[in-house]
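Trainee: The following block contains the structure, expressed as structure tokens.
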Protein chains: 2
Amino acid sequence: MKETFKGAPAESRPAPPAPAALAAKVRTLAPTMTRSMQRVAETVASDPAGCAALTVTGLAERTGTSEATVVRTSRMLGYPGYRDLRLALAALAAQQAAGGAPAVTADIAVDDSLADVVAKLAQEEQQCLADTAAGLDVTQLEAAVSALAGARRIDVYGIGASHLVGQDLAQKLLRIGLIAHAHADPHLAVTNAVQLRTGDVALAITHSGRTTDVIEPLRAAFDHGATTIAITGRPDGEIASYADHILTTSSARESELRPAAMSSRTSQLLVVDCLFIGVAQRTYETAAPALSASYEALAHRHSPRTHQR
Amino acid sequence: MKETFKGAPAESRPAPPAPAALAAKVRTLAPTMTRSMQRVAETVASDPAGCAALTVTGLAERTGTSEATVVRTSRMLGYPGYRDLRLALAALAAQQAAGGAPAVTADIAVDDSLADVVAKLAQEEQQCLADTAAGLDVTQLEAAVSALAGARRIDVYGIGASHLVGQDLAQKLLRIGLIAHAHADPHLAVTNAVQLRTGDVALAITHSGRTTDVIEPLRAAFDHGATTIAITGRPDGEIASYADHILTTSSARESELRPAAMSSRTSQLLVVDCLFIGVAQRTYETAAPALSASYEALAHRHSPRTHQR
DNA sequence: CGCTCGATGAAATTACTTTTCAAGAGTGAG
DNA sequence: CTCACTCTTGAAAAGTAATTTCATCGAGCG
């Protein structure tokens, strides 16, 4: 709360209206008010949100008084007129709403309303992003970016939800002219991995760090001299043994309704985005034109709808 | 707050005005606006507090436009008129003041350090989540969840990055025992869509709302009587014509290095997660056991836990 | 009992908002 | 290049809400 000092030369007038101090003002001034005005003041103080939706006439009716009284009350409370009181009321309501429902850190329950679900999910994913960003080792990221940027060929391994993240990465890298492929089939992945050599990069994504189907191909690539990167929530997991660079994702606690796959995905995607932007920066000369080219190539796939200019 | 109109019939008003979703709404709708309206919208979004103090005439002057344009813009943003926009502005200003930390979203530049990239990306994605959550119409979500929970069969259409989101949704729904399939091939998608009947659900994901390859199958499903849902950043796009329920994702401004696909994906995933949780809640009796079953089925795919060195 | 004075709301006035409409700007076809 | 068309835009009319005015009412007091 920034209290405006009286000394400020901006306003030569008596006093600026009150923001959240409305309830206090009502209590202070109530005794000096007439009965009708008290009714108005109390109504306004007890239900700011509701009153903010009302016009002078509406509020007059609701309080069983007249428009004139409402305006008089507004003046008494320090506002130039009802219009401004109404604005303050809206502001107050918003403040109350914001302050009233702060901690939605609770787990999502079966009987939560959908509005709660939305709020909690957004909250959790935001937290997850913050955690991931805080926990990411920039040195490792730097190394991984370098490896990717200079890679002759990139293989990405991931299964299940992690495979989607892998696809996302591969799609992006392809767009800036790198040769990347996301493997889902463990057998094919291993088959491919043994083709890799020094100068190639293999990247594995697994939240648990123990997914055999992902570890195997990474190990094969590692053994054949490729640079290996692991994106995992368990930097101490088995996969770490075969990874040159480890990027750690945050592992939020999971609940019954919200399996780990959900937050790990958010976390993994952030890491993948960071990798992508990093690589795009390093290869800007070729990446930028490639990006616009791919964008234009898709233009005709959208219905015309030329609406703006 | 407790003001959820549960008992009331789901589809009542088109869309209630937005409280904190204003910035998001401006970004989403800006492309469809005319130049003058964009000026108004931007002014309003960048200085809610200042604009809340202005009358129509004042705001018109400040933006160098006319009263009519200001009113038009208010309407476009979802309010009945300027009066209500002004109220929302006051509320928003109060919220921002209370929340303290304003958005400090600098664009990612080519010469940013990787640490900066990580921080900015995380920040942007968090903002994107908040915007999406704020702008999501819970009534529509409710309707979509109901449709999905009772569906005999679910088809999901999406291309490119949106297809990954579609796969994510399909994977999740399969896990709780629903029959869902994510289509990537537009031809197969249409072929499948015409098989749908009343009681089936088709869900299309497209950021632009104009992706022909996604619109076609949804339209086919719509024409054959299936319940159709669209997840799009452009609720006024062509796809809206064939969607029974529209879930709006927020579209952050894109920059050269950060294509729209990136933030739209984050936004879409949140919506998808909300859908999933919502459906899981409604079908809890069957969903919970199905979830643990799928979890256990994968257990042996992980190396034994005794690995810690 | 009646006079005075503050409180109050109906109605008039004013301020603000919304709507209408015609002119201007841009676009595409011929 | 021009014409016809559509979309955009602001000036002004029309309408609505807020404010002021003013007459009435009623309580307190001599």
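Residue numbers start at 1 in each chain; chains themselves are named A, B, ... in the order of the structure tokens; ligands are numbered from 1 in the order shown.
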Report as an MDAnalysis selection string the set of chain B residues whose atoms approach chain A to within 7 Å, with distances computed over only C-alpha atoms.
Mentor: chainID B and resid 31:32 34 87 90:91 94:95 98 110 114:115 117:119 122 126 129:130 133 138 142 161 164 168 210:212 257 270 274 277:278 281 301:303 307:308
Trainee: Write a file of the selected residues as an mmCIF file, in the first residue's frame, keeping C-alpha atoms.
Mentor:
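Result written to part38.cif:
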```cif
data_model
loop_
_atom_site.group_PDB
_atom_site.id
_atom_site.type_symbol
_atom_site.label_atom_id
_atom_site.label_comp_id
_atom_site.auth_asym_id
_atom_site.auth_seq_id
_atom_site.Cartn_x
_atom_site.Cartn_y
_atom_site.Cartn_z
ATOM 1 C CA PRO B 31 -5.818 -9.423 -34.287
ATOM 2 C CA THR B 32 -9.504 -9.258 -35.120
ATOM 3 C CA THR B 34 -9.473 -2.588 -36.283
ATOM 4 C CA LEU B 87 -15.801 -1.031 -13.567
ATOM 5 C CA ALA B 90 -11.078 -0.378 -11.586
ATOM 6 C CA ALA B 91 -11.265 -3.916 -10.269
ATOM 7 C CA ALA B 94 -7.042 -2.869 -7.510
ATOM 8 C CA GLN B 95 -6.035 -6.463 -8.046
ATOM 9 C CA ALA B 98 -2.790 -5.801 -4.291
ATOM 10 C CA VAL B 110 19.239 -13.421 -29.576
ATOM 11 C CA LEU B 114 20.943 -19.010 -21.235
ATOM 12 C CA ALA B 115 20.147 -18.156 -17.647
ATOM 13 C CA VAL B 117 16.358 -17.514 -21.419
ATOM 14 C CA VAL B 118 15.369 -19.954 -18.727
ATOM 15 C CA ALA B 119 14.020 -17.206 -16.501
ATOM 16 C CA ALA B 122 9.474 -19.785 -17.275
ATOM 17 C CA GLN B 126 3.577 -18.921 -16.097
ATOM 18 C CA LEU B 129 -1.084 -20.293 -17.648
ATOM 19 C CA ALA B 130 -2.506 -17.530 -15.513
ATOM 20 C CA ALA B 133 -7.016 -19.959 -16.358
ATOM 21 C CA VAL B 138 -16.104 -22.579 -16.779
ATOM 22 C CA GLU B 142 -18.480 -27.914 -17.613
ATOM 23 C CA ALA B 161 2.032 -29.068 -32.277
ATOM 24 C CA LEU B 164 0.809 -33.594 -29.556
ATOM 25 C CA ASP B 168 -1.766 -36.208 -24.566
ATOM 26 C CA ARG B 210 -8.532 -21.679 -39.192
ATOM 27 C CA THR B 211 -6.608 -24.869 -39.771
ATOM 28 C CA THR B 212 -8.515 -26.478 -42.590
ATOM 29 C CA LEU B 257 12.497 -16.647 -31.357
ATOM 30 C CA LEU B 270 -3.733 -26.653 -19.298
ATOM 31 C CA CYS B 274 -8.683 -29.451 -16.830
ATOM 32 C CA ILE B 277 -9.440 -33.941 -14.261
ATOM 33 C CA GLY B 278 -13.033 -32.933 -14.749
ATOM 34 C CA GLN B 281 -13.950 -36.590 -11.168
ATOM 35 C CA ARG B 301 9.043 -51.617 -17.261
ATOM 36 C CA HIS B 302 11.253 -49.821 -14.791
ATOM 37 C CA SER B 303 14.546 -51.075 -13.465
ATOM 38 C CA HIS B 307 20.051 -48.587 -7.857
ATOM 39 C CA GLN B 308 21.089 -45.629 -5.683
#
```
Trainee: Could you give me, as a ChimeraX atom specification, each residue of segment 90-229 of chain A that DSSP assigns to strand (DSSP E or B) when run on this structure's backbone?
Mentor: /A:154-158,180-183,198,200-206,211,227-229
Trainee: Would you save the residues of that selection, restricted to N, CA and C atoms, as a PDB file, in the first residue's frame?
Mentor:
```pdb
ATOM      1  N   ILE A 154      20.355 -36.034 -34.504  1.00  0.00           N
ATOM      2  CA  ILE A 154      19.868 -36.067 -33.125  1.00  0.00           C
ATOM      3  C   ILE A 154      18.784 -37.118 -32.968  1.00  0.00           C
ATOM      4  N   ASP A 155      18.958 -37.995 -31.996  1.00  0.00           N
ATOM      5  CA  ASP A 155      17.935 -38.993 -31.698  1.00  0.00           C
ATOM      6  C   ASP A 155      17.317 -38.690 -30.341  1.00  0.00           C
ATOM      7  N   VAL A 156      16.003 -38.768 -30.278  1.00  0.00           N
ATOM      8  CA  VAL A 156      15.327 -38.478 -29.016  1.00  0.00           C
ATOM      9  C   VAL A 156      14.545 -39.709 -28.580  1.00  0.00           C
ATOM     10  N   TYR A 157      14.760 -40.132 -27.346  1.00  0.00           N
ATOM     11  CA  TYR A 157      14.048 -41.302 -26.844  1.00  0.00           C
ATOM     12  C   TYR A 157      13.100 -40.918 -25.723  1.00  0.00           C
ATOM     13  N   GLY A 158      11.909 -41.447 -25.793  1.00  0.00           N
ATOM     14  CA  GLY A 158      10.939 -41.185 -24.733  1.00  0.00           C
ATOM     15  C   GLY A 158       9.758 -42.109 -24.938  1.00  0.00           C
ATOM     16  N   ALA A 180      16.538 -34.249 -36.584  1.00  0.00           N
ATOM     17  CA  ALA A 180      16.157 -34.830 -35.299  1.00  0.00           C
ATOM     18  C   ALA A 180      15.023 -35.814 -35.498  1.00  0.00           C
ATOM     19  N   HIS A 181      15.032 -36.845 -34.692  1.00  0.00           N
ATOM     20  CA  HIS A 181      13.964 -37.827 -34.780  1.00  0.00           C
ATOM     21  C   HIS A 181      13.599 -38.334 -33.398  1.00  0.00           C
ATOM     22  N   ALA A 182      12.307 -38.373 -33.137  1.00  0.00           N
ATOM     23  CA  ALA A 182      11.844 -38.862 -31.833  1.00  0.00           C
ATOM     24  C   ALA A 182      11.380 -40.302 -31.975  1.00  0.00           C
ATOM     25  N   HIS A 183      11.980 -41.178 -31.209  1.00  0.00           N
ATOM     26  CA  HIS A 183      11.641 -42.599 -31.305  1.00  0.00           C
ATOM     27  C   HIS A 183      10.682 -43.009 -30.210  1.00  0.00           C
ATOM     28  N   THR A 198      30.437 -40.356 -32.795  1.00  0.00           N
ATOM     29  CA  THR A 198      30.884 -39.082 -32.245  1.00  0.00           C
ATOM     30  C   THR A 198      30.352 -37.952 -33.135  1.00  0.00           C
ATOM     31  N   ASP A 200      27.219 -37.096 -33.091  1.00  0.00           N
ATOM     32  CA  ASP A 200      25.773 -37.260 -33.024  1.00  0.00           C
ATOM     33  C   ASP A 200      25.337 -37.061 -31.581  1.00  0.00           C
ATOM     34  N   VAL A 201      24.056 -36.780 -31.408  1.00  0.00           N
ATOM     35  CA  VAL A 201      23.555 -36.577 -30.056  1.00  0.00           C
ATOM     36  C   VAL A 201      22.353 -37.472 -29.796  1.00  0.00           C
ATOM     37  N   ALA A 202      22.331 -38.089 -28.650  1.00  0.00           N
ATOM     38  CA  ALA A 202      21.164 -38.865 -28.228  1.00  0.00           C
ATOM     39  C   ALA A 202      20.604 -38.215 -26.978  1.00  0.00           C
ATOM     40  N   LEU A 203      19.298 -38.054 -26.948  1.00  0.00           N
ATOM     41  CA  LEU A 203      18.673 -37.383 -25.811  1.00  0.00           C
ATOM     42  C   LEU A 203      17.537 -38.246 -25.291  1.00  0.00           C
ATOM     43  N   ALA A 204      17.577 -38.563 -24.029  1.00  0.00           N
ATOM     44  CA  ALA A 204      16.549 -39.425 -23.443  1.00  0.00           C
ATOM     45  C   ALA A 204      15.694 -38.636 -22.470  1.00  0.00           C
ATOM     46  N   ILE A 205      14.413 -38.916 -22.496  1.00  0.00           N
ATOM     47  CA  ILE A 205      13.506 -38.229 -21.578  1.00  0.00           C
ATOM     48  C   ILE A 205      12.780 -39.274 -20.742  1.00  0.00           C
ATOM     49  N   THR A 206      12.994 -39.225 -19.465  1.00  0.00           N
ATOM     50  CA  THR A 206      12.252 -40.127 -18.576  1.00  0.00           C
ATOM     51  C   THR A 206      12.151 -39.497 -17.209  1.00  0.00           C
ATOM     52  N   THR A 211      13.226 -45.896 -16.651  1.00  0.00           N
ATOM     53  CA  THR A 211      12.466 -46.539 -17.704  1.00  0.00           C
ATOM     54  C   THR A 211      13.396 -47.318 -18.636  1.00  0.00           C
ATOM     55  N   THR A 227      27.246 -38.153 -28.112  1.00  0.00           N
ATOM     56  CA  THR A 227      27.060 -37.331 -26.923  1.00  0.00           C
ATOM     57  C   THR A 227      25.657 -37.596 -26.399  1.00  0.00           C
ATOM     58  N   THR A 228      25.521 -37.860 -25.113  1.00  0.00           N
ATOM     59  CA  THR A 228      24.215 -38.228 -24.585  1.00  0.00           C
ATOM     60  C   THR A 228      23.715 -37.208 -23.568  1.00  0.00           C
ATOM     61  N   ILE A 229      22.421 -36.944 -23.655  1.00  0.00           N
ATOM     62  CA  ILE A 229      21.775 -35.991 -22.755  1.00  0.00           C
ATOM     63  C   ILE A 229      20.576 -36.670 -22.128  1.00  0.00           C
TER      64      ILE A 229
END
```
Trainee: As a VMD selection string, please: the residues near DT13 of chain C (cut-off 9 Å, only C-alpha atoms (C1' of nucleotides), same-chain neighbours under 4 positions excluded).
Mentor: chain D and resid 19 to 21
Trainee: Take the residues from that selection and write them out as a short mmCIF file (atom, residue, chain, number, x, y, z; two decimals), in the first residue's frame, keeping N, CA and C atoms (P, O5', C5', C4', C3', O3' and C1' of nucleotides).
Mentor:
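Writing done, so here's result.cif:
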```cif
data_model
loop_
_atom_site.label_atom_id
_atom_site.label_comp_id
_atom_site.auth_asym_id
_atom_site.auth_seq_id
_atom_site.Cartn_x
_atom_site.Cartn_y
_atom_site.Cartn_z
P DT D 19 -22.97 11.41 -9.41
"O5'" DT D 19 -23.79 12.78 -9.44
"C5'" DT D 19 -23.43 13.79 -10.40
"C4'" DT D 19 -24.37 14.97 -10.30
"C3'" DT D 19 -24.47 15.59 -8.91
"O3'" DT D 19 -24.08 16.95 -9.05
"C1'" DT D 19 -26.62 15.29 -9.86
P DT D 20 -23.97 17.86 -7.78
"O5'" DT D 20 -25.30 18.72 -7.94
"C5'" DT D 20 -25.59 19.31 -9.20
"C4'" DT D 20 -26.96 19.95 -9.17
"C3'" DT D 20 -27.25 20.79 -7.91
"O3'" DT D 20 -27.60 22.10 -8.35
"C1'" DT D 20 -29.04 19.26 -8.34
P DT D 21 -27.94 23.21 -7.27
"O5'" DT D 21 -29.52 23.20 -7.35
"C5'" DT D 21 -30.17 23.07 -8.62
"C4'" DT D 21 -31.67 23.01 -8.44
"C3'" DT D 21 -32.23 23.92 -7.35
"O3'" DT D 21 -33.36 24.59 -7.89
"C1'" DT D 21 -32.97 21.71 -7.01
#
```
Trainee: Per residue of chain C within 12 Å of chain B, which atom pair is closest and at what distance in Å (one decimal), using only C-alpha atoms (C1' of nucleotides), listed by chain and increasing number, as a Markdown table?
Mentor:
```
| residue | atom | partner | partner_atom | distance |
| --- | --- | --- | --- | --- |
| C:DA15 | C1' | B:Thr55 | CA | 10.3 |
| C:DC16 | C1' | B:Thr55 | CA | 7.5 |
| C:DT17 | C1' | B:Val56 | CA | 7.4 |
| C:DT18 | C1' | B:Val71 | CA | 7.7 |
| C:DT19 | C1' | B:Ala68 | CA | 8.6 |
| C:DT20 | C1' | B:Ala68 | CA | 10.4 |
```
Trainee: Give me the RMSD in Å over all C-alpha atoms, paired in order, after least-squares superposition of chain B onto chain A.
Mentor: 19.5 Å
Trainee: Pick out the chain D residues within 10 Å of chain B. Count only C-alpha atoms (C1' of nucleotides). Give them as a PyMOL selection string.
Mentor: chain D and resi 7-11
Trainee: According to DSSP computed on the backbone, where in segment 88-240 of chain B is there helix (DSSP H, G or I)? Give the residues as an MDAnalysis selection string.
Mentor: chainID B and resid 88:99 114:135 138:149 161:175 186:193 212:223 238:240
Trainee: Near DC5 of chain D, within 12 Å and counting only C-alpha atoms (C1' of nucleotides), which residues show up once chain neighbours fewer than 6 positions away are dropped, as a PyMOL selection string?
Mentor: chain C and resi 26-29
Trainee: What would the file look like if the residues just selected were written as a tab-separated table (two decimals), in the first residue's frame with N, CA and C atoms (P, O5', C5', C4', C3', O3' and C1' of nucleotides)?
Mentor:
```
chain	number	residue	atom	x	y	z
C	26	DG	P	-6.26	4.16	-46.06
C	26	DG	O5'	-6.62	2.70	-46.58
C	26	DG	C5'	-7.17	1.76	-45.65
C	26	DG	C4'	-7.89	0.69	-46.42
C	26	DG	C3'	-7.03	-0.02	-47.48
C	26	DG	O3'	-7.06	-1.40	-47.17
C	26	DG	C1'	-9.14	0.58	-48.36
C	27	DT	P	-6.09	-2.44	-47.92
C	27	DT	O5'	-7.07	-3.17	-48.93
C	27	DT	C5'	-8.40	-3.45	-48.49
C	27	DT	C4'	-9.15	-4.24	-49.55
C	27	DT	C3'	-8.26	-4.94	-50.59
C	27	DT	O3'	-8.82	-6.20	-50.86
C	27	DT	C1'	-9.74	-3.46	-51.68
C	28	DG	P	-7.93	-7.36	-51.55
C	28	DG	O5'	-8.84	-7.69	-52.81
C	28	DG	C5'	-10.24	-7.92	-52.60
C	28	DG	C4'	-10.97	-7.74	-53.90
C	28	DG	C3'	-10.29	-8.41	-55.09
C	28	DG	O3'	-11.31	-9.01	-55.88
C	28	DG	C1'	-10.65	-6.14	-55.56
C	29	DA	P	-10.95	-10.04	-57.02
C	29	DA	O5'	-12.01	-9.65	-58.13
C	29	DA	C5'	-13.31	-9.18	-57.72
C	29	DA	C4'	-13.93	-8.37	-58.84
C	29	DA	C3'	-13.66	-8.94	-60.24
C	29	DA	O3'	-14.84	-8.81	-61.03
C	29	DA	C1'	-12.79	-6.74	-60.10
```
Trainee: How many Å lie between atom CA of Leu247 of chain B and atom CA of Ala230 of chain B, rounded to one decimal?
Mentor: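 So the answer is 6.1 Å.
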Trainee: What is the distance between atom C1' of DT8 of chain C and atom CA of Ala24 of chain A, in Å to one decimal?
Mentor: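 For atom C1' of DT8 of chain C relative to atom CA of Ala24 of chain A, the distance reads 25.9 Å.
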Trainee: To one decimal in Å, tell me the separation between atom CA of Asp223 of chain A and atom CA of Ala189 of chain A.
Mentor: 14.3 Å
Trainee: Using only C-alpha atoms (C1' of nucleotides), which protein or nucleic acid residues come within 10 Å of segment 22-25 of chain D? Drop anything in the same chain fewer than 3 positions from it, and give the result as a list in words.
Mentor: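 Here the qualifying residues turn out to be DA7, DT8, DG9, DA10, DA11 and DA12 of chain C.
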Trainee: Write the residues you've just listed into a file as a short mmCIF file (atom, residue, chain, number, x, y, z; two decimals), in the first residue's frame, and include N, CA and C atoms (P, O5', C5', C4', C3', O3' and C1' of nucleotides) for each of them.
Mentor:
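Ended up saving to result-v7.cif:
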```
data_model
loop_
_atom_site.label_atom_id
_atom_site.label_comp_id
_atom_site.auth_asym_id
_atom_site.auth_seq_id
_atom_site.Cartn_x
_atom_site.Cartn_y
_atom_site.Cartn_z
P DA C 7 -29.74 16.58 9.07
"O5'" DA C 7 -30.95 15.77 8.43
"C5'" DA C 7 -31.89 15.17 9.31
"C4'" DA C 7 -32.99 14.53 8.48
"C3'" DA C 7 -32.50 13.64 7.35
"O3'" DA C 7 -33.27 12.45 7.39
"C1'" DA C 7 -33.97 15.28 6.50
P DT C 8 -32.85 11.21 6.46
"O5'" DT C 8 -33.77 11.45 5.20
"C5'" DT C 8 -35.19 11.36 5.35
"C4'" DT C 8 -35.87 11.77 4.08
"C3'" DT C 8 -35.33 11.09 2.82
"O3'" DT C 8 -36.27 10.10 2.42
"C1'" DT C 8 -35.87 13.40 2.48
P DG C 9 -35.85 9.05 1.30
"O5'" DG C 9 -36.68 9.63 0.07
"C5'" DG C 9 -38.09 9.73 0.21
"C4'" DG C 9 -38.67 10.57 -0.91
"C3'" DG C 9 -38.44 10.02 -2.33
"O3'" DG C 9 -39.57 10.39 -3.11
"C1'" DG C 9 -37.48 12.15 -2.18
P DA C 10 -40.00 9.47 -4.30
"O5'" DA C 10 -40.56 10.60 -5.27
"C5'" DA C 10 -41.48 11.56 -4.74
"C4'" DA C 10 -41.65 12.71 -5.72
"C3'" DA C 10 -41.66 12.33 -7.20
"O3'" DA C 10 -42.62 13.16 -7.86
"C1'" DA C 10 -39.80 13.75 -6.75
P DA C 11 -42.78 12.99 -9.46
"O5'" DA C 11 -41.84 14.17 -10.01
"C5'" DA C 11 -41.99 15.47 -9.45
"C4'" DA C 11 -40.92 16.38 -10.01
"C3'" DA C 11 -40.72 16.25 -11.53
"O3'" DA C 11 -40.61 17.56 -12.06
"C1'" DA C 11 -38.66 16.01 -10.42
P DA C 12 -40.51 17.77 -13.65
"O5'" DA C 12 -39.21 18.70 -13.80
"C5'" DA C 12 -39.07 19.81 -12.92
"C4'" DA C 12 -37.63 20.28 -12.95
"C3'" DA C 12 -37.08 20.53 -14.34
"O3'" DA C 12 -36.33 21.75 -14.33
"C1'" DA C 12 -35.71 18.95 -13.22
#
```
